[in-house]
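target30.txt (compact mmCIF, C-alpha atoms)
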# COMPACT_ATOMS: atom_id res chain seq x y z
CA MET F 30 -39.75 0.09 44.08
CA LEU F 31 -36.56 0.89 46.03
CA VAL F 32 -33.87 -1.68 46.79
CA THR F 33 -32.84 -1.34 50.46
CA ASP F 34 -29.27 -0.16 51.13
CA HIS F 35 -28.61 0.26 47.43
CA LYS F 36 -25.02 0.96 46.59
CA THR F 37 -23.36 1.68 43.30
CA LEU F 38 -23.16 -1.53 41.27
CA THR F 39 -19.85 -2.01 39.51
CA ALA F 40 -18.41 -4.35 36.92
CA ASN F 41 -14.63 -4.45 36.79
CA GLY F 42 -14.70 -1.41 39.03
CA VAL F 43 -16.85 0.68 36.66
CA PRO F 44 -20.44 1.63 37.64
CA VAL F 45 -22.81 -0.59 35.67
CA ASP F 46 -24.99 2.34 34.58
CA ARG F 47 -21.95 3.98 32.96
CA VAL F 48 -21.11 0.71 31.19
CA LEU F 49 -24.57 0.70 29.62
CA LEU F 50 -24.73 4.38 28.75
CA GLY F 51 -21.22 4.31 27.31
CA ASN F 52 -22.21 1.50 24.95
CA LEU F 53 -25.80 2.55 24.28
CA GLY F 54 -25.62 2.45 20.47
CA ARG F 55 -23.79 -0.87 20.44
CA LEU F 56 -26.32 -2.41 22.85
CA ALA F 57 -29.26 -1.11 20.83
CA ASP F 58 -27.76 -2.74 17.73
CA GLN F 59 -27.43 -6.03 19.57
CA VAL F 60 -31.02 -5.91 20.83
CA LEU F 61 -32.38 -5.16 17.35
CA ASP F 62 -30.29 -7.94 15.82
CA HIS F 63 -31.63 -10.40 18.39
CA LEU F 64 -35.20 -9.21 17.81
CA VAL F 65 -34.94 -9.87 14.09
CA GLN F 66 -33.24 -13.24 14.57
CA GLN F 67 -35.34 -14.63 17.43
CA ILE F 68 -38.80 -13.09 17.03
CA PRO F 69 -40.04 -13.69 13.45
CA LEU F 70 -42.52 -10.82 13.51
CA TYR F 71 -39.78 -8.23 14.03
CA GLY F 72 -37.95 -9.60 11.02
CA GLN F 73 -41.01 -8.73 8.94
CA LEU F 74 -41.17 -5.08 10.01
CA PRO F 75 -40.13 -2.35 7.57
CA ARG F 76 -36.55 -1.19 8.11
CA GLU F 77 -37.83 2.35 8.61
CA GLU F 78 -39.93 1.26 11.59
CA LEU F 79 -37.23 -1.01 12.98
CA GLN F 80 -34.59 1.70 12.88
CA GLY F 81 -37.04 4.42 13.84
CA ASP F 82 -39.77 3.75 16.37
CA ILE F 83 -38.44 0.36 17.58
CA ARG F 84 -34.87 1.60 17.99
CA GLN F 85 -36.08 4.68 19.82
CA ILE F 86 -38.05 2.71 22.40
CA THR F 87 -35.15 0.24 22.71
CA GLU F 88 -32.75 3.06 23.61
CA ARG F 89 -35.28 4.55 26.03
CA THR F 90 -35.62 1.20 27.76
CA LEU F 91 -31.86 0.73 27.95
CA ARG F 92 -31.55 4.18 29.54
CA ALA F 93 -34.27 3.18 32.03
CA PHE F 94 -32.26 0.03 32.83
CA ALA F 95 -29.17 2.18 33.45
CA GLU F 96 -31.08 4.56 35.74
CA THR F 97 -32.47 1.59 37.68
CA PHE F 98 -28.97 0.16 38.15
CA ARG F 99 -27.74 3.59 39.33
CA THR F 100 -30.51 4.28 41.84
CA GLY F 101 -31.97 0.89 42.68
CA VAL F 102 -35.42 2.37 41.94
CA ILE F 103 -37.79 0.54 39.58
CA PRO F 104 -39.49 3.12 37.30
CA THR F 105 -43.18 3.85 37.84
CA GLY F 106 -45.78 6.40 36.84
CA SER F 107 -44.97 8.96 34.18
CA SER F 108 -41.47 7.56 33.62
CA LEU F 109 -43.12 4.55 31.95
CA GLU F 110 -45.28 6.66 29.64
CA PRO F 111 -43.07 6.02 26.56
CA LEU F 112 -43.52 2.26 27.09
CA ARG F 113 -47.28 2.70 27.39
CA GLU F 114 -47.42 4.70 24.17
CA SER F 115 -45.26 2.15 22.36
CA ALA F 116 -47.47 -0.73 23.57
CA ALA F 117 -50.57 1.09 22.30
CA ARG F 118 -48.97 1.56 18.88
CA ARG F 119 -47.99 -2.10 18.70
CA ALA F 120 -51.56 -3.07 19.62
CA GLU F 121 -52.87 -0.81 16.87
CA GLU F 122 -50.48 -2.45 14.40
CA GLY F 123 -51.67 -5.91 15.42
CA VAL F 124 -48.37 -7.03 16.97
CA PRO F 125 -49.15 -10.01 19.28
CA LEU F 126 -48.67 -9.26 22.97
CA GLU F 127 -46.42 -12.28 23.41
CA ALA F 128 -44.02 -10.89 20.78
CA LEU F 129 -43.99 -7.50 22.49
CA LEU F 130 -43.24 -8.93 25.94
CA ALA F 131 -40.62 -11.27 24.48
CA ALA F 132 -38.84 -8.22 23.05
CA TYR F 133 -38.54 -6.56 26.47
CA HIS F 134 -37.28 -9.74 28.12
CA LEU F 135 -34.81 -10.24 25.32
CA GLY F 136 -33.51 -6.70 25.90
CA GLY F 137 -33.06 -7.44 29.59
CA ARG F 138 -31.09 -10.57 28.76
CA VAL F 139 -28.82 -8.66 26.37
CA CYS F 140 -28.09 -6.13 29.12
CA ALA F 141 -27.34 -8.84 31.67
CA ASP F 142 -25.08 -10.74 29.25
CA PHE F 143 -23.21 -7.59 28.25
CA VAL F 144 -22.45 -6.58 31.82
CA ALA F 145 -21.82 -10.13 33.12
CA ASP F 146 -18.51 -10.48 31.27
CA GLY F 147 -17.03 -7.60 33.32
CA PHE F 148 -17.78 -8.76 36.86
CA ARG F 149 -14.81 -9.65 39.03
CA PRO F 150 -15.09 -12.41 41.65
CA ASP F 151 -15.34 -9.84 44.43
CA GLU F 152 -18.27 -8.20 42.58
CA LEU F 153 -20.53 -11.26 42.83
CA PRO F 154 -22.96 -9.45 45.20
CA ASP F 155 -23.25 -6.71 42.58
CA ALA F 156 -24.02 -9.29 39.89
CA LEU F 157 -26.76 -10.83 42.05
CA ALA F 158 -28.22 -7.40 42.83
CA LEU F 159 -28.14 -6.55 39.10
CA ASN F 160 -30.08 -9.70 38.20
CA ARG F 161 -32.68 -8.94 40.90
CA LEU F 162 -33.12 -5.41 39.55
CA ILE F 163 -33.54 -6.72 36.01
CA LEU F 164 -36.22 -9.17 37.16
CA ASP F 165 -38.07 -6.47 39.13
CA PHE F 166 -37.76 -4.06 36.19
CA LEU F 167 -39.20 -6.63 33.75
CA GLN F 168 -42.02 -7.46 36.16
CA GLN F 169 -43.05 -3.80 36.22
CA VAL F 170 -42.66 -3.42 32.48
CA THR F 171 -44.72 -6.55 31.81
CA ALA F 172 -47.61 -5.24 33.91
CA THR F 173 -47.45 -1.75 32.40
CA VAL F 174 -47.12 -2.85 28.78
CA SER F 175 -49.84 -5.50 29.10
CA ALA F 176 -52.32 -3.05 30.62
CA SER F 177 -51.70 -0.45 27.91
CA TYR F 178 -51.82 -3.06 25.16
CA PHE F 179 -55.16 -4.52 26.31
CA GLU F 180 -56.68 -1.08 26.81
CA GLU F 181 -55.86 -0.17 23.20
CA ARG F 182 -57.06 -3.52 21.90
CA GLN F 183 -60.39 -3.04 23.70
CA ILE F 184 -60.80 0.35 22.05
CA ILE F 185 -59.94 -1.10 18.64
CA ALA F 186 -62.22 -4.11 19.17
CA GLY F 187 -65.06 -1.81 20.14
CA GLU F 188 -64.57 0.28 17.01
CA GLU F 189 -64.31 -2.80 14.82
CA GLN F 190 -67.42 -4.33 16.39
CA ALA F 191 -69.35 -1.09 15.95
CA GLY F 192 -68.28 -0.94 12.29
CA ARG F 193 -69.25 -4.57 11.65
CA GLN F 194 -72.59 -4.08 13.39
CA SER F 195 -73.30 -0.98 11.30
CA LEU F 196 -72.47 -2.93 8.14
CA LEU F 197 -74.66 -5.87 9.21
CA THR F 198 -77.58 -3.54 9.90
CA ALA F 199 -77.19 -1.89 6.49
CA LEU F 200 -77.08 -5.29 4.74
CA LEU F 201 -80.10 -6.67 6.57
CA ASP F 202 -82.15 -3.50 6.07
CA GLY F 203 -81.14 -2.95 2.46
CA GLY F 204 -79.34 0.28 3.37
CA PRO F 205 -76.15 1.81 1.91
CA ALA F 206 -73.91 -1.19 2.60
CA ALA F 207 -70.99 0.07 0.50
CA GLU F 208 -70.74 3.24 2.59
CA ALA F 209 -71.02 1.27 5.86
CA ALA F 210 -68.27 -1.10 4.67
CA ARG F 211 -66.02 1.84 3.77
CA ARG F 212 -66.45 3.39 7.21
CA ALA F 213 -65.69 0.03 8.84
CA GLY F 214 -62.57 -0.45 6.72
CA LEU F 215 -64.06 -3.58 5.16
CA GLN F 216 -64.57 -4.68 1.58
CA LEU F 217 -67.88 -6.07 0.42
CA PRO F 218 -67.57 -9.57 -1.05
CA ASP F 219 -69.13 -10.51 -4.36
CA GLU F 220 -71.53 -12.77 -2.50
CA TYR F 221 -72.63 -13.51 1.05
CA VAL F 222 -73.68 -16.83 2.49
CA VAL F 223 -76.87 -16.11 4.43
CA LEU F 224 -77.42 -18.41 7.38
CA GLY F 225 -80.70 -18.66 9.28
CA LEU F 226 -80.62 -20.26 12.73
CA ALA F 227 -83.41 -21.59 14.91
CA TYR F 228 -82.93 -23.19 18.32
CA GLY F 229 -84.97 -23.90 21.38
CA ALA F 230 -84.56 -23.00 25.01
CA HIS F 231 -81.74 -24.62 26.96
CA ALA F 232 -82.88 -27.06 29.63
CA ASP F 233 -81.46 -24.77 32.32
CA GLU F 234 -83.75 -21.97 31.13
CA ARG F 235 -86.69 -23.99 32.52
CA GLN F 236 -85.09 -24.86 35.86
CA PRO F 237 -86.96 -23.45 38.88
CA GLY F 238 -85.01 -20.72 40.62
CA VAL F 239 -82.69 -20.11 37.66
CA ASP F 240 -82.78 -16.78 35.85
CA PRO F 241 -83.65 -17.80 32.26
CA LYS F 242 -82.24 -14.55 30.85
CA ILE F 243 -78.78 -15.35 32.19
CA VAL F 244 -78.91 -18.88 30.76
CA ALA F 245 -80.11 -17.55 27.40
CA ARG F 246 -77.28 -15.00 27.26
CA ARG F 247 -74.75 -17.75 28.00
CA LYS F 248 -76.25 -19.84 25.20
CA LEU F 249 -76.06 -16.94 22.75
CA ARG F 250 -72.49 -16.14 23.76
CA ARG F 251 -71.41 -19.71 22.97
CA ILE F 252 -73.21 -19.64 19.62
CA ARG F 253 -71.68 -16.26 18.77
CA LEU F 254 -68.20 -17.52 19.62
CA GLN F 255 -68.55 -20.36 17.10
CA LEU F 256 -69.84 -17.95 14.45
CA ASP F 257 -66.97 -15.55 15.16
CA ARG F 258 -64.53 -18.37 14.49
CA VAL F 259 -65.80 -18.66 10.90
CA GLY F 260 -65.80 -14.88 10.43
CA ALA F 261 -69.58 -14.45 10.52
CA MET F 262 -71.50 -11.28 11.33
CA ALA F 263 -74.55 -12.28 13.34
CA SER F 264 -77.76 -10.91 14.80
CA LEU F 265 -79.13 -13.32 17.42
CA SER F 266 -82.14 -13.55 19.71
CA PRO F 267 -82.81 -16.18 22.41
CA ALA F 268 -84.73 -18.33 19.86
CA ASP F 269 -83.28 -17.63 16.42
CA GLY F 270 -80.98 -15.45 14.38
CA VAL F 271 -79.29 -14.71 11.09
CA ALA F 272 -75.61 -14.67 10.16
CA LEU F 273 -73.64 -13.55 7.11
CA LEU F 274 -70.46 -15.33 6.01
CA THR F 275 -68.09 -14.38 3.22
CA GLY F 276 -66.95 -17.82 2.17
CA PRO F 277 -68.03 -21.45 1.82
CA THR F 278 -68.14 -23.44 5.04
CA PRO F 279 -68.55 -27.18 5.71
CA TRP F 280 -72.11 -26.99 6.98
CA ASP F 281 -72.42 -30.28 8.84
CA PRO F 282 -69.35 -29.68 11.05
CA LEU F 283 -70.50 -26.12 11.71
CA HIS F 284 -73.97 -27.38 12.65
CA ALA F 285 -72.44 -29.92 15.02
CA LYS F 286 -70.27 -27.26 16.70
CA LEU F 287 -73.15 -24.81 17.04
CA SER F 288 -75.46 -27.49 18.46
CA LYS F 289 -72.85 -28.58 20.98
CA ALA F 290 -72.10 -25.00 21.96
CA ALA F 291 -75.78 -24.12 22.37
CA GLY F 292 -76.64 -27.34 24.17
CA VAL F 293 -79.96 -27.52 22.28
CA GLU F 294 -81.39 -28.86 19.02
CA LEU F 295 -80.45 -26.46 16.25
CA PHE F 296 -81.67 -25.90 12.69
CA LEU F 297 -79.79 -24.10 9.92
CA ALA F 298 -81.15 -22.75 6.65
CA VAL F 299 -78.64 -21.65 4.01
CA SER F 300 -78.84 -19.42 0.96
CA THR F 301 -76.53 -17.06 -0.95
CA ALA F 302 -76.97 -13.51 -2.19
CA VAL F 303 -75.09 -10.54 -3.60
CA PRO F 304 -74.89 -7.70 -1.02
CA ASP F 305 -77.94 -5.76 -2.24
CA GLN F 306 -80.07 -8.94 -2.25
CA VAL F 307 -79.30 -9.94 1.34
CA PRO F 308 -82.74 -8.86 2.69
CA ALA F 309 -84.50 -11.17 0.22
CA ALA F 310 -82.18 -14.05 1.14
CA VAL F 311 -82.84 -13.44 4.83
CA GLY F 312 -86.56 -13.69 4.11
CA LEU F 313 -85.96 -16.95 2.28
CA VAL F 314 -83.96 -18.64 5.05
CA ARG F 315 -86.55 -17.59 7.61
CA ASP F 316 -89.28 -19.08 5.42
CA LEU F 317 -87.25 -22.28 5.11
CA LEU F 318 -86.93 -22.52 8.88
CA GLU F 319 -90.68 -22.08 9.18
CA VAL F 320 -91.20 -24.87 6.64
CA VAL F 321 -88.84 -27.08 8.66
CA ARG F 322 -90.86 -26.35 11.80
CA ILE F 323 -94.24 -26.94 10.14
CA HIS F 324 -93.19 -30.23 8.60
CA ARG F 325 -91.43 -31.47 11.73
CA ARG F 326 -88.07 -31.97 10.06
CA PRO F 327 -85.21 -33.11 12.31
CA PRO F 328 -82.37 -30.76 13.34
CA GLY F 329 -79.87 -30.25 10.54
CA VAL F 330 -78.88 -28.06 7.61
CA TYR F 331 -81.45 -27.20 4.94
CA GLN F 332 -81.34 -25.43 1.59
CA LEU F 333 -84.16 -24.62 -0.78
CA ASP F 334 -83.46 -27.74 -2.86
CA ASP F 335 -84.12 -29.87 0.22
CA LEU F 336 -87.56 -28.36 0.77
CA VAL F 337 -88.65 -27.25 -2.68
CA LEU F 338 -92.07 -28.98 -2.58
CA GLU F 339 -92.85 -28.02 1.00
CA TYR F 340 -91.67 -24.46 0.40
CA GLN F 341 -93.79 -24.05 -2.71
CA LEU F 342 -96.84 -25.42 -0.95
CA SER F 343 -96.26 -23.06 1.96
CA ARG F 344 -97.04 -20.13 -0.38
CA PRO F 345 -100.71 -19.15 -0.16
CA SER F 346 -102.62 -19.94 -3.36
CA PRO F 347 -105.97 -21.37 -4.47
CA ALA F 348 -104.18 -24.62 -5.42
CA ARG F 349 -102.70 -24.99 -1.94
CA ASP F 350 -106.09 -24.43 -0.37
CA ARG F 351 -107.68 -27.09 -2.60
CA LEU F 352 -104.96 -29.58 -1.70
CA ALA F 353 -105.27 -28.89 2.02
CA VAL F 354 -109.02 -29.46 1.88
CA LEU F 355 -108.40 -33.03 0.68
CA LEU F 356 -107.17 -34.00 4.16
CA GLN F 357 -109.71 -31.97 6.08
CA PRO F 358 -111.74 -35.16 6.85
CA LEU F 359 -108.78 -36.29 8.96
CA ALA F 360 -108.70 -33.11 11.07
CA ASP F 361 -110.23 -34.90 14.07
CA ARG F 362 -108.38 -38.17 13.50
CA ALA F 363 -104.90 -37.66 14.92
CA ASP F 364 -104.26 -41.41 14.74
CA LEU F 365 -104.90 -41.50 11.00
CA LEU F 366 -102.77 -38.40 10.31
CA ALA F 367 -99.90 -39.77 12.39
CA THR F 368 -100.07 -43.12 10.59
CA LEU F 369 -100.13 -41.45 7.17
CA ARG F 370 -97.13 -39.26 8.04
CA CYS F 371 -95.12 -42.18 9.37
CA TYR F 372 -96.06 -44.42 6.42
CA LEU F 373 -94.93 -41.81 3.86
CA ALA F 374 -91.76 -40.98 5.84
CA ASN F 375 -90.88 -44.71 5.87
CA SER F 376 -91.23 -45.02 2.08
CA ARG F 377 -94.50 -46.97 2.50
CA ASN F 378 -92.89 -49.66 4.67
CA ARG F 379 -95.86 -50.89 6.75
CA ARG F 380 -93.80 -53.03 9.15
CA GLN F 381 -91.43 -50.15 9.96
CA THR F 382 -94.44 -47.88 10.38
CA ALA F 383 -96.04 -50.36 12.77
CA SER F 384 -92.81 -50.60 14.75
CA ASP F 385 -92.45 -46.81 14.96
CA LEU F 386 -96.05 -46.40 16.08
CA HIS F 387 -95.94 -49.43 18.42
CA VAL F 388 -98.99 -51.04 16.79
CA HIS F 389 -99.65 -54.22 14.84
CA PRO F 390 -99.08 -54.11 11.03
CA ASN F 391 -102.76 -54.97 10.60
CA THR F 392 -103.63 -51.80 12.51
CA VAL F 393 -101.54 -49.83 10.03
CA ASP F 394 -103.42 -51.43 7.14
CA TYR F 395 -106.76 -50.65 8.75
CA ARG F 396 -105.87 -47.01 9.37
CA LEU F 397 -104.58 -46.52 5.83
CA ARG F 398 -107.83 -47.92 4.45
CA GLN F 399 -109.68 -45.43 6.62
CA VAL F 400 -107.57 -42.62 5.16
CA GLY F 401 -108.53 -43.76 1.67
CA ARG F 402 -112.22 -44.06 2.56
CA LEU F 403 -112.39 -40.58 4.13
CA THR F 404 -110.29 -38.68 1.60
CA GLY F 405 -110.70 -40.62 -1.61
CA LEU F 406 -106.88 -40.92 -1.79
CA ASP F 407 -105.66 -44.47 -1.21
CA PRO F 408 -102.10 -44.62 0.21
CA ALA F 409 -101.74 -48.13 -1.22
CA GLN F 410 -102.14 -46.90 -4.80
CA ALA F 411 -98.99 -45.49 -6.41
CA ASP F 412 -100.88 -43.07 -8.62
CA HIS F 413 -102.48 -41.46 -5.53
CA LEU F 414 -99.15 -40.84 -3.75
CA PRO F 415 -98.07 -37.55 -5.39
CA ARG F 416 -101.38 -35.92 -4.52
CA LEU F 417 -101.29 -37.36 -0.97
CA VAL F 418 -97.77 -36.02 -0.36
CA ALA F 419 -98.72 -32.61 -1.74
CA ALA F 420 -101.99 -32.57 0.21
CA LEU F 421 -100.18 -33.36 3.47
CA ALA F 422 -97.64 -30.58 2.83
CA ALA F 423 -100.41 -28.10 2.00
CA TYR F 424 -102.46 -29.21 5.03
CA ASP F 425 -99.50 -28.62 7.36
CA ALA F 426 -98.67 -25.27 5.76
CA SER F 427 -102.24 -24.03 6.07
Could you take the file, read its structure, and then write that structure out as structure tokens?
Amino acid sequence: MLVTDHKTLTANGVPVDRVLLGNLGRLADQVLDHLVQQIPLYGQLPREELQGDIRQITERTLRAFAETFRTGVIPTGSSLEPLRESAARRAEEGVPLEALLAAYHLGGRVCADFVADGFRPDELPDALALNRLILDFLQQVTATVSASYFEERQIIAGEEQAGRQSLLTALLDGGPAAEAARRAGLQLPDEYVVLGLAYGAHADERQPGVDPKIVARRKLRRIRLQLDRVGAMASLSPADGVALLTGPTPWDPLHAKLSKAAGVELFLAVSTAVPDQVPAAVGLVRDLLEVVRIHRRPPGVYQLDDLVLEYQLSRPSPARDRLAVLLQPLADRADLLATLRCYLANSRNRRQTASDLHVHPNTVDYRLRQVGRLTGLDPAQADHLPRLVAALAAYDAS
């Protein structure tokens, strides 16, 4: 960028570029002092880096300021390469972009303040031109530094994501997780929290004329964002998934956030495992989700202790088969099965059962007597209840 009709800018009769170059070391000291005092992150840098790499780029930038004041030309192209390289290094070090841009603007302010004291009244046009050049210079630097910074961060993020995905695959498959963690620059925890997720299709996935794949990807992206916020590694499909966390998490709030993000009913199953036992824990949480589905449990968070009877009766065995057979006479009587389920779920409260089923309490009594007559297990008798509950669980599982 060239300033039209540029003339030599002077302060107290001395060209501004000479003022800067003649005080380069002093100005660099001032900029570094201000960085440490005003931007906390720079105060935490090692002195070697502050007086080495940071000072070097500071002096380069001050020289670029001086050249801009001399020529009226805002630097572009290869002349900004040192700033690009510095931005990439700061991105690699994890320096926030806002801190990096604040440093350049602070340097521009130090330059302006240093020169401002020397302007005579008749040099006011030069002072205004100087300020315009500083603003244009910082605009160019901001664009250049930001682009280089984000390019490096994308590369780093891609490498980090690839490393985390490789580690997740090794953990889920029972592969060499320690080696995958070493390559990813990560440390295996003593224990993982293994999270199974199950969720349905979003309402928009069923809308005529809407591409369901796009809606499903949006749903998964929102779920993944919530999992990323708690540091989870996740493998997701449009209907379910599994995630690994390295620390305890308040499950109910996480479930609420995931459900809201997904916009659908969502079920979580939770277990824990040392790294080499993750595949077994994944199998467990998937089994728990299947038990939740079979037994029509409401959306929520489930652990093995919550489903111990149902889980055990979901395992194939001669005993399960014998229990399931007890309710076989009700196979064609959906009304009796529904009444029995509701009655047991309501802790044998017949009036609540009648209300839930929208029938008269006498109808509930009649149906329960029919259950007893057909199965030989009377829901009204306390000593029959354990076998009825187990039989219903086995019937559903089979």
How close does region 313-365 of chain F get to region 282-304 of chain F? List, as a Markdown table, each residue of region 313-365 of chain F within 10 Å, its nearest atom pair and the distance in Å to one decimal, counting all atoms listed in the file.
| residue | atom | partner | partner_atom | distance |
| --- | --- | --- | --- | --- |
| F:Leu313 | CA | F:Ser300 | CA | 7.7 |
| F:Val314 | CA | F:Ala298 | CA | 5.2 |
| F:Arg315 | CA | F:Ala298 | CA | 7.5 |
| F:Asp316 | CA | F:Ala298 | CA | 9.0 |
| F:Leu317 | CA | F:Ala298 | CA | 6.3 |
| F:Leu318 | CA | F:Ala298 | CA | 6.2 |
| F:Glu319 | CA | F:Ala298 | CA | 9.9 |
| F:Val321 | CA | F:Phe296 | CA | 8.3 |
| F:Arg322 | CA | F:Phe296 | CA | 9.2 |
| F:Arg326 | CA | F:Phe296 | CA | 9.2 |
| F:Pro327 | CA | F:Phe296 | CA | 8.0 |
| F:Pro328 | CA | F:Phe296 | CA | 5.0 |
| F:Gly329 | CA | F:Phe296 | CA | 5.2 |
| F:Val330 | CA | F:Leu297 | CA | 4.7 |
| F:Tyr331 | CA | F:Ala298 | CA | 4.8 |
| F:Gln332 | CA | F:Val299 | CA | 5.2 |
| F:Leu333 | CA | F:Ser300 | CA | 7.6 |
| Using all atoms listed in the file, which residues sit within 12 Å of region 405-415 of chain F once same-chain residues fewer than 2 positions away are excluded, as a ChimeraX atom specification? | /F:338,352,354-359,365-366,368-373,376-379,393-403,417-422
| query | How many Å lie between CA of Ala57 (chain F) and CA of Glu88 (chain F), rounded to one decimal? | reply | 6.1 Å
| field | Close residues, Ala93 (chain F) itself excluded, 9 Å, only C-alpha atoms, min 4 positions apart in chain, as number ranges by chain | value | F: 88-89, 97-98, 103-104, 108-109
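In this structure, CA of Ala353 (chain F) sits 22.4 Å away from CA of Asp334 (chain F).
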Contact residues around Gly214 (chain F) with only C-alpha atoms at 12 Å, ignoring same-chain residues under 3 positions, as a PDB file with C-alpha atoms, in the frame of the given file:
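Dumped to result-v9.pdb:
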ATOM      1  CA  GLU F 188     -64.570   0.280  17.010  1.00  0.00           C
ATOM      2  CA  GLU F 189     -64.310  -2.800  14.820  1.00  0.00           C
ATOM      3  CA  GLN F 190     -67.420  -4.330  16.390  1.00  0.00           C
ATOM      4  CA  ALA F 191     -69.350  -1.090  15.950  1.00  0.00           C
ATOM      5  CA  GLY F 192     -68.280  -0.940  12.290  1.00  0.00           C
ATOM      6  CA  ARG F 193     -69.250  -4.570  11.650  1.00  0.00           C
ATOM      7  CA  SER F 195     -73.300  -0.980  11.300  1.00  0.00           C
ATOM      8  CA  LEU F 196     -72.470  -2.930   8.140  1.00  0.00           C
ATOM      9  CA  ALA F 207     -70.990   0.070   0.500  1.00  0.00           C
ATOM     10  CA  GLU F 208     -70.740   3.240   2.590  1.00  0.00           C
ATOM     11  CA  ALA F 209     -71.020   1.270   5.860  1.00  0.00           C
ATOM     12  CA  ALA F 210     -68.270  -1.100   4.670  1.00  0.00           C
ATOM     13  CA  ARG F 211     -66.020   1.840   3.770  1.00  0.00           C
ATOM     14  CA  LEU F 217     -67.880  -6.070   0.420  1.00  0.00           C
TER      15      LEU F 217
END
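Using only C-alpha atoms, the smallest distance between any of F:Val307, F:Arg362, F:Ser177, F:Asp335 and Ala199 (chain F) comes from F:Val307.
Atom pair CA of Thr37 (chain F) / CA of Gly54 (chain F): separated by 23.0 Å.
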| query | Could you pull the residues within 12 Å of region 161-168 of chain F, counting only C-alpha atoms, minus those fewer than 6 positions along the same chain, as a PyMOL selection string? | reply | chain F and resi 30-33+35+38+90-91+93-105+109+112+130-142+144+154-155+174-175
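Shown here are all protein and nucleic acid residues lying within 12 Å of (-39.4, -2.6, 12.4), with all atoms listed in the file considered: Leu61, Asp62, Leu64, Val65, Ile68, Pro69, Leu70, Tyr71, Gly72, Gln73, Leu74, Pro75, Arg76, Glu77, Glu78, Leu79, Gln80, Gly81, Asp82, Ile83, Arg84, Gln85, Ile86, Thr87, Arg119, Glu122 and Val124 of chain F.
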